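Remarks on the structure that follows.
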Amino acid sequence: KVLAPGAFRYVARPALGPGVATAASLSDSEHAAALATTGSAMQHFGLCIDDVYRLLAGLLHLGNITFKRESGTDSDRVACIEPTSSAALRRAEELLGVRRLEAALLAHSVQAGGGRSSSVHKVPHSQEVAALSRDAVSKRIYGRIFNWLISKVNEAVCVPSELSEGDSLKDGSESVGRVVGLLDVFGFENFDTNSLEQLLINLANEKLQCFFLDTIFRYEQELYAKEEIEWVVVEPPDNGPIVSAIEDKPYGLLPLLDEHWP
């Protein structure tokens, strides 16, 4: 049975902010066009489309697994799979090619002691921890898929380039690969409701932008001055105060949070 996009929790969330598209805000034709473009690009690079789509479909079903507090236990914090999620659990295991997914989501192993006296204990998850575990697994798998795609694209565009006569790389080889690198330093987001995670993402982007501006403008202009090259002096924007307001001690936002909530 093929489910509509709105049936999956990971893609059926309400709009995250102005200009942010979700599955519900895109038409079927836009979805089809984007999917066709993606499939064509993957085929061009010799990637197996079906395997990638199968894993992504498995993540969608994994996100639909929900939990409840198990009845009849000594602790009301022990979680179990909602009966209505049994189909999603089976489809996730089938598409991801794994077994015992339920056990992995509902408990984790802790090793106590060392050597021959060590023992392994199963610690059951609460309903909240089980949900976090589900989402952590999804993020990890999605990240691995993304990194794998990047590596395959780099392999596809990597063309050996002969060095000058007499030159060689440190390992003694006679060629060097060419790759395409993309750097997005302006990946800031500002939603109606911003989490701590989003703040840290924006801080990382601010620091990356600071490094980029310092390297491109200050270093290059110092080089031009040293070599007496005529150029128009460029004054880049300084985002140092923004970074300082967030992380500098003792009155930055993060140090204050550490002080009040150790």
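Note on naming: chains are A, B, ... as they come in the structure tokens, residues start from 1 per chain, ligands start from 1 in the order shown.
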Practice item. Could you give me, as a VMD selection string, the residues within 12 Å of Leu55 (chain A), counting only C-alpha atoms and dropping anything in the same chain fewer than 5 positions from it? Key: chain A and resid 48 to 50 60 to 62 91 to 98 138 141 to 146
Take the selection from the previous step and output its residues with N, CA, C and O atoms, as a CSV table (one decimal), in the first residue's frame.
```
chain,number,residue,atom,x,y,z
A,48,CYS,N,22.8,3.8,-7.7
A,48,CYS,CA,21.6,2.9,-7.7
A,48,CYS,C,20.4,3.7,-7.0
A,48,CYS,O,20.4,3.8,-5.8
A,49,ILE,N,19.5,4.1,-7.8
A,49,ILE,CA,18.4,4.9,-7.3
A,49,ILE,C,17.5,4.1,-6.3
A,49,ILE,O,17.1,4.6,-5.3
A,50,ASP,N,17.2,2.9,-6.7
A,50,ASP,CA,16.3,2.1,-5.9
A,50,ASP,C,16.8,1.9,-4.5
A,50,ASP,O,16.0,1.9,-3.5
A,60,LEU,N,11.1,7.0,6.6
A,60,LEU,CA,9.8,7.6,6.7
A,60,LEU,C,8.9,6.7,7.6
A,60,LEU,O,8.2,7.2,8.5
A,61,HIS,N,9.0,5.4,7.4
A,61,HIS,CA,8.2,4.4,8.2
A,61,HIS,C,8.8,4.4,9.6
A,61,HIS,O,8.0,4.3,10.6
A,62,LEU,N,10.1,4.5,9.8
A,62,LEU,CA,10.7,4.5,11.1
A,62,LEU,C,10.2,5.7,11.9
A,62,LEU,O,9.9,5.6,13.1
A,91,ARG,N,7.6,-2.5,8.2
A,91,ARG,CA,8.0,-1.9,6.9
A,91,ARG,C,9.4,-1.3,7.1
A,91,ARG,O,10.2,-1.4,6.2
A,92,ALA,N,9.7,-0.7,8.3
A,92,ALA,CA,11.0,-0.1,8.5
A,92,ALA,C,12.1,-1.1,8.5
A,92,ALA,O,13.1,-1.0,7.9
A,93,GLU,N,11.8,-2.2,9.2
A,93,GLU,CA,12.8,-3.3,9.3
A,93,GLU,C,13.0,-3.9,7.9
A,93,GLU,O,14.1,-4.2,7.5
A,94,GLU,N,11.9,-4.1,7.1
A,94,GLU,CA,12.0,-4.7,5.8
A,94,GLU,C,12.8,-3.7,4.8
A,94,GLU,O,13.7,-4.2,4.1
A,95,LEU,N,12.5,-2.4,4.8
A,95,LEU,CA,13.2,-1.5,3.9
A,95,LEU,C,14.6,-1.2,4.3
A,95,LEU,O,15.5,-1.0,3.4
A,96,LEU,N,14.9,-1.1,5.6
A,96,LEU,CA,16.2,-0.8,6.1
A,96,LEU,C,17.1,-2.1,6.1
A,96,LEU,O,18.3,-2.0,6.3
A,97,GLY,N,16.5,-3.3,6.0
A,97,GLY,CA,17.3,-4.5,6.0
A,97,GLY,C,17.8,-4.8,7.4
A,97,GLY,O,18.9,-5.3,7.5
A,98,VAL,N,17.0,-4.6,8.5
A,98,VAL,CA,17.5,-4.9,9.8
A,98,VAL,C,16.5,-5.7,10.5
A,98,VAL,O,15.3,-5.9,10.1
A,138,SER,N,17.3,7.7,13.0
A,138,SER,CA,16.9,8.2,11.7
A,138,SER,C,17.9,9.3,11.2
A,138,SER,O,18.3,9.3,10.0
A,141,ILE,N,21.2,7.5,10.2
A,141,ILE,CA,21.1,6.8,8.9
A,141,ILE,C,21.1,7.9,7.7
A,141,ILE,O,21.7,7.7,6.7
A,142,TYR,N,20.2,8.9,7.9
A,142,TYR,CA,20.1,9.9,6.9
A,142,TYR,C,21.5,10.6,6.6
A,142,TYR,O,21.8,10.9,5.5
A,143,GLY,N,22.2,10.9,7.7
A,143,GLY,CA,23.5,11.5,7.5
A,143,GLY,C,24.5,10.6,6.8
A,143,GLY,O,25.3,11.1,6.0
A,144,ARG,N,24.4,9.3,7.1
A,144,ARG,CA,25.3,8.4,6.4
A,144,ARG,C,25.0,8.3,4.9
A,144,ARG,O,25.8,8.2,4.1
A,145,ILE,N,23.6,8.3,4.6
A,145,ILE,CA,23.2,8.3,3.2
A,145,ILE,C,23.8,9.6,2.5
A,145,ILE,O,24.3,9.5,1.4
A,146,PHE,N,23.6,10.7,3.1
A,146,PHE,CA,24.1,12.0,2.5
A,146,PHE,C,25.6,11.9,2.3
A,146,PHE,O,26.1,12.2,1.2
```
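Using only C-alpha atoms, the shortest contact distance between Pro5 (chain A) and any of A:Ala33, A:Val110, A:Val232, A:Ala57 is found at A:Ala57.
Atom to atom, CA of Gly252 (chain A) and CA of Leu208 (chain A) stand 18.5 Å apart.
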